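J.: Input file: run-v4.cif. Contents: mmCIF, C-alpha atoms.
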data_work
#
loop_
_atom_site.group_PDB
_atom_site.id
_atom_site.type_symbol
_atom_site.label_atom_id
_atom_site.label_comp_id
_atom_site.auth_asym_id
_atom_site.auth_seq_id
_atom_site.Cartn_x
_atom_site.Cartn_y
_atom_site.Cartn_z
ATOM 1 C CA MET A 1 0.000 0.000 0.000
ATOM 2 C CA ARG A 2 1.400 3.368 -1.029
ATOM 3 C CA VAL A 3 1.214 6.217 1.424
ATOM 4 C CA SER A 4 2.811 8.895 -0.730
ATOM 5 C CA VAL A 5 3.634 8.591 -4.422
ATOM 6 C CA LEU A 6 6.164 11.427 -4.166
ATOM 7 C CA ALA A 7 7.915 9.792 -1.188
ATOM 8 C CA ASP A 8 8.238 6.494 -3.082
ATOM 9 C CA CYS A 9 9.612 8.332 -6.119
ATOM 10 C CA LEU A 10 12.289 10.216 -4.159
ATOM 11 C CA ASN A 11 13.194 7.065 -2.220
ATOM 12 C CA ASN A 12 13.696 5.137 -5.479
ATOM 13 C CA ILE A 13 15.885 7.950 -6.823
ATOM 14 C CA VAL A 14 18.104 8.022 -3.707
ATOM 15 C CA ASN A 15 18.448 4.210 -3.679
ATOM 16 C CA ALA A 16 19.387 4.079 -7.367
ATOM 17 C CA GLU A 17 21.827 6.958 -6.892
ATOM 18 C CA ARG A 18 23.525 5.170 -3.974
ATOM 19 C CA LYS A 19 23.888 1.990 -6.043
ATOM 20 C CA GLY A 20 25.484 4.010 -8.820
ATOM 21 C CA LYS A 21 22.763 3.448 -11.432
ATOM 22 C CA ARG A 22 22.584 5.750 -14.452
ATOM 23 C CA GLN A 23 18.791 5.661 -14.785
ATOM 24 C CA VAL A 24 15.762 4.760 -12.714
ATOM 25 C CA LEU A 25 12.134 3.889 -13.552
ATOM 26 C CA ILE A 26 9.472 5.584 -11.435
ATOM 27 C CA ARG A 27 5.873 4.473 -11.303
ATOM 28 C CA PRO A 28 3.179 5.688 -10.831
ATOM 29 C CA SER A 29 3.577 9.186 -12.253
ATOM 30 C CA SER A 30 1.829 12.354 -11.072
ATOM 31 C CA LYS A 31 1.835 16.057 -11.855
ATOM 32 C CA VAL A 32 3.488 16.845 -8.511
ATOM 33 C CA ILE A 33 6.322 14.390 -9.247
ATOM 34 C CA VAL A 34 6.879 15.934 -12.694
ATOM 35 C CA ARG A 35 7.064 19.471 -11.255
ATOM 36 C CA PHE A 36 9.400 18.308 -8.439
ATOM 37 C CA LEU A 37 11.683 16.635 -11.005
ATOM 38 C CA THR A 38 11.628 19.784 -13.150
ATOM 39 C CA VAL A 39 12.955 21.834 -10.212
ATOM 40 C CA MET A 40 15.642 19.179 -9.571
ATOM 41 C CA GLN A 41 16.584 19.238 -13.264
ATOM 42 C CA LYS A 42 16.764 23.041 -13.318
ATOM 43 C CA HIS A 43 19.368 22.952 -10.530
ATOM 44 C CA GLY A 44 21.344 20.116 -12.149
ATOM 45 C CA TYR A 45 20.582 17.287 -9.719
ATOM 46 C CA ILE A 46 19.264 15.033 -12.512
ATOM 47 C CA ASN A 47 19.653 14.949 -16.276
ATOM 48 C CA GLU A 48 16.594 14.696 -18.510
ATOM 49 C CA PHE A 49 13.552 12.611 -17.645
ATOM 50 C CA GLU A 50 10.895 11.124 -19.908
ATOM 51 C CA GLU A 51 7.251 10.426 -19.188
ATOM 52 C CA ILE A 52 5.891 7.152 -20.564
ATOM 53 C CA ASP A 53 2.130 6.951 -21.048
ATOM 54 C CA ASP A 54 1.054 3.339 -20.495
ATOM 55 C CA HIS A 55 -2.701 4.184 -20.358
ATOM 56 C CA ARG A 56 -2.634 3.465 -16.627
ATOM 57 C CA SER A 57 -0.949 5.657 -14.021
ATOM 58 C CA GLY A 58 2.112 6.414 -16.177
ATOM 59 C CA LYS A 59 5.852 5.898 -15.733
ATOM 60 C CA ILE A 60 8.878 8.174 -15.701
ATOM 61 C CA VAL A 61 12.427 7.233 -16.728
ATOM 62 C CA ILE A 62 14.990 9.513 -15.066
ATOM 63 C CA GLN A 63 18.616 9.844 -16.201
ATOM 64 C CA LEU A 64 20.790 10.285 -13.106
ATOM 65 C CA ASN A 65 24.095 12.186 -12.998
ATOM 66 C CA GLY A 66 25.390 11.299 -9.515
ATOM 67 C CA ARG A 67 24.852 14.694 -7.872
ATOM 68 C CA ILE A 68 22.107 13.776 -5.374
ATOM 69 C CA ASN A 69 23.243 13.105 -1.822
ATOM 70 C CA LYS A 70 19.747 12.988 -0.333
ATOM 71 C CA CYS A 71 16.249 13.981 -1.272
ATOM 72 C CA GLY A 72 13.094 13.441 0.695
ATOM 73 C CA VAL A 73 9.526 14.423 1.457
ATOM 74 C CA ILE A 74 8.301 16.452 4.418
ATOM 75 C CA SER A 75 5.044 14.961 5.599
ATOM 76 C CA PRO A 76 2.679 16.470 6.641
ATOM 77 C CA ARG A 77 2.991 19.388 4.237
ATOM 78 C CA PHE A 78 3.526 22.150 6.762
ATOM 79 C CA ASN A 79 2.474 25.713 6.011
ATOM 80 C CA VAL A 80 5.564 27.897 5.650
ATOM 81 C CA GLN A 81 5.442 31.676 5.945
ATOM 82 C CA LEU A 82 8.054 33.892 4.306
ATOM 83 C CA ASN A 83 9.820 34.627 7.583
ATOM 84 C CA GLN A 84 9.923 30.901 8.478
ATOM 85 C CA ILE A 85 11.690 29.745 5.297
ATOM 86 C CA GLU A 86 15.130 30.441 6.815
ATOM 87 C CA ASN A 87 14.302 28.267 9.867
ATOM 88 C CA TRP A 88 13.353 25.340 7.595
ATOM 89 C CA VAL A 89 16.556 25.814 5.570
ATOM 90 C CA ASN A 90 18.635 25.619 8.767
ATOM 91 C CA HIS A 91 16.619 22.612 9.944
ATOM 92 C CA LEU A 92 16.701 20.505 6.748
ATOM 93 C CA LEU A 93 19.772 21.402 4.692
ATOM 94 C CA PRO A 94 23.410 20.673 5.594
ATOM 95 C CA SER A 95 24.618 24.227 4.907
ATOM 96 C CA ARG A 96 23.313 27.572 3.704
ATOM 97 C CA SER A 97 24.593 27.520 0.140
ATOM 98 C CA PHE A 98 23.896 23.845 -0.427
ATOM 99 C CA GLY A 99 20.627 22.233 -1.510
ATOM 100 C CA TYR A 100 17.054 23.399 -1.938
ATOM 101 C CA ILE A 101 13.749 23.130 -0.131
ATOM 102 C CA ILE A 102 10.889 22.686 -2.578
ATOM 103 C CA LEU A 103 7.601 24.422 -1.798
ATOM 104 C CA THR A 104 4.184 24.333 -3.402
ATOM 105 C CA THR A 105 2.865 27.872 -3.674
ATOM 106 C CA SER A 106 -0.019 29.672 -5.316
ATOM 107 C CA SER A 107 2.313 30.397 -8.241
ATOM 108 C CA GLY A 108 3.446 26.795 -8.715
ATOM 109 C CA ILE A 109 6.022 24.385 -7.314
ATOM 110 C CA MET A 110 9.407 26.088 -6.813
ATOM 111 C CA ASP A 111 12.507 26.094 -4.637
ATOM 112 C CA HIS A 112 12.824 28.289 -1.545
ATOM 113 C CA GLU A 113 15.099 30.861 -3.198
ATOM 114 C CA GLU A 114 12.683 31.484 -6.069
ATOM 115 C CA ALA A 115 9.796 31.686 -3.587
ATOM 116 C CA ARG A 116 11.693 34.316 -1.608
ATOM 117 C CA ARG A 117 12.405 36.313 -4.792
ATOM 118 C CA LYS A 118 8.752 36.161 -5.884
ATOM 119 C CA HIS A 119 7.669 36.962 -2.302
ATOM 120 C CA VAL A 120 5.317 33.974 -2.016
ATOM 121 C CA ALA A 121 5.015 31.308 0.650
ATOM 122 C CA GLY A 122 3.109 28.030 0.751
ATOM 123 C CA LYS A 123 3.365 24.443 1.881
ATOM 124 C CA ILE A 124 6.620 22.514 2.111
ATOM 125 C CA LEU A 125 6.902 19.481 -0.204
ATOM 126 C CA GLY A 126 10.444 18.221 0.282
ATOM 127 C CA PHE A 127 14.156 18.880 -0.042
ATOM 128 C CA VAL A 128 17.091 17.921 -2.237
ATOM 129 C CA TYR A 129 20.851 18.266 -1.744
#
Could you quickly redo this structure as structure tokens?

T.:
Amino acid sequence: MRVSVLADCLNNIVNAERKGKRQVLIRPSSKVIVRFLTVMQKHGYINEFEEIDDHRSGKIVIQLNGRINKCGVISPRFNVQLNQIENWVNHLLPSRSFGYIILTTSSGIMDHEEARRKHVAGKILGFVY
């Protein structure tokens, strides 16, 4: 029984990365997973990924590049205000200039630095470093 599709996805990515695999197959797919992977790709943690439509829940093939140390989900999805983002960064990431916290906001899923620039807050999804 799956509790969180996103948690399973990130767990599979970390396990494949630790084993030294070059690619990993994720199933099922979801819009949240695709947006999360897009943020990871933008910051260079993964190479390209491809969605495969199997007329069921979908699959994603991700090309890994060996840059992920850890990524995970924060559950429950806590509300984060703008002035609390720094506390979460200190709490979750190993250092200030290293890694990203990924938030879901009213203007889409983005990392904490982009959220601070756009002056939006939201709920915390997870982290990657």

J.: Pick out the closest residue to A:Ile62 from this set: A:His112, A:Lys118, A:Arg27, A:Lys123. Count only C-alpha atoms.

T.: A:Arg27

J.: Fewer than 6 positions away in the same chain doesn't count, so skip those; otherwise give me all residues within 12 Å of stretch 17-22 of chain A, counting only C-alpha atoms, as a count of residues only.

T.: 18

J.: Identify all residues satisfying the PyMOL selection byres ((chain A and resi 77) around 8) in the given file; provide them as a list in words.

T.: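 With the PyMOL selection byres ((chain A and resi 77) around 8) on this model, the match is Ile74, Ser75, Pro76, Phe78, Asn79, Lys123, Ile124 and Leu125 of chain A.
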
J.: Using the chain letters and residue numbers of this document, give as a list of chain:residue names the residues selected by the PyMOL selection byres ((chain A and resi 52) around 12).

T.: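 Matching residues under the PyMOL selection byres ((chain A and resi 52) around 12) are A:Leu25, A:Ile26, A:Arg27, A:Pro28, A:Ser29, A:Ser30, A:Val34, A:Phe49, A:Glu50, A:Glu51, A:Asp53, A:Asp54, A:His55, A:Arg56, A:Ser57, A:Gly58, A:Lys59, A:Ile60, A:Val61, A:Ile62.
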
J.: Write the residues of the preceding selection, restricted to C-alpha atoms, as a tab-separated table (two decimals), in the frame of the given file.

T.:
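Okay, result_30.tsv is ready:
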chain	number	residue	atom	x	y	z
A	25	LEU	CA	12.13	3.89	-13.55
A	26	ILE	CA	9.47	5.58	-11.44
A	27	ARG	CA	5.87	4.47	-11.30
A	28	PRO	CA	3.18	5.69	-10.83
A	29	SER	CA	3.58	9.19	-12.25
A	30	SER	CA	1.83	12.35	-11.07
A	34	VAL	CA	6.88	15.93	-12.69
A	49	PHE	CA	13.55	12.61	-17.64
A	50	GLU	CA	10.90	11.12	-19.91
A	51	GLU	CA	7.25	10.43	-19.19
A	53	ASP	CA	2.13	6.95	-21.05
A	54	ASP	CA	1.05	3.34	-20.50
A	55	HIS	CA	-2.70	4.18	-20.36
A	56	ARG	CA	-2.63	3.46	-16.63
A	57	SER	CA	-0.95	5.66	-14.02
A	58	GLY	CA	2.11	6.41	-16.18
A	59	LYS	CA	5.85	5.90	-15.73
A	60	ILE	CA	8.88	8.17	-15.70
A	61	VAL	CA	12.43	7.23	-16.73
A	62	ILE	CA	14.99	9.51	-15.07

J.: Looking at only C-alpha atoms, which of A:Asp8, A:Val14, A:Arg35, A:Tyr129 is the one that sits closest to A:Tyr100?

T.: A:Tyr129

J.: If I take atom CA of A:Phe36 and atom CA of A:Ile109, how far is one from the other in Å, to one decimal?

T.: 7.0 Å

J.: Using the chain letters and numbering of this document, enumerate as a list in words the residues selected by the PyMOL selection byres ((chain A and resi 108) around 12).

T.: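 With the PyMOL selection byres ((chain A and resi 108) around 12) on this model, the match is Lys31, Val32, Arg35, Phe36, Thr38, Val39, Ile102, Leu103, Thr104, Thr105, Ser106, Ser107, Ile109, Met110, Asp111, His112, Glu114, Ala115, Lys118, Val120, Ala121, Gly122, Lys123 and Leu125 of chain A.
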
J.: Which is closest to A:Leu92 among A:Val3, A:Gly44, A:Gly126, A:Ala16, if we use all atoms listed in the file?

T.: A:Gly126

J.: Please report the interatomic distance between atom CA of A:Leu93 and atom CA of A:Glu113 in Å with one decimal.

T.: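 Separating atom CA of A:Leu93 from atom CA of A:Glu113 is a distance of 13.2 Å.
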
J.: With distances taken over only C-alpha atoms, which residue among A:Ser95, A:Leu37, A:His119, A:Gly72 lies nearest A:Ala7?

T.: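 Between A:Ser95, A:Leu37, A:His119, A:Gly72, the residue approaching A:Ala7 most closely is A:Gly72.
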
J.: Just give me the gap between atom CA of A:Phe98 and atom CA of A:Met40 in Å, one decimal is fine.

T.: 13.2 Å

J.: May I have the residues at most 10 Å from (7.5, 36.7, 5.5) in the file's coordinates, counting all atoms listed in the file, as a ChimeraX atom specification?

T.: /A:80-86,116,119-121
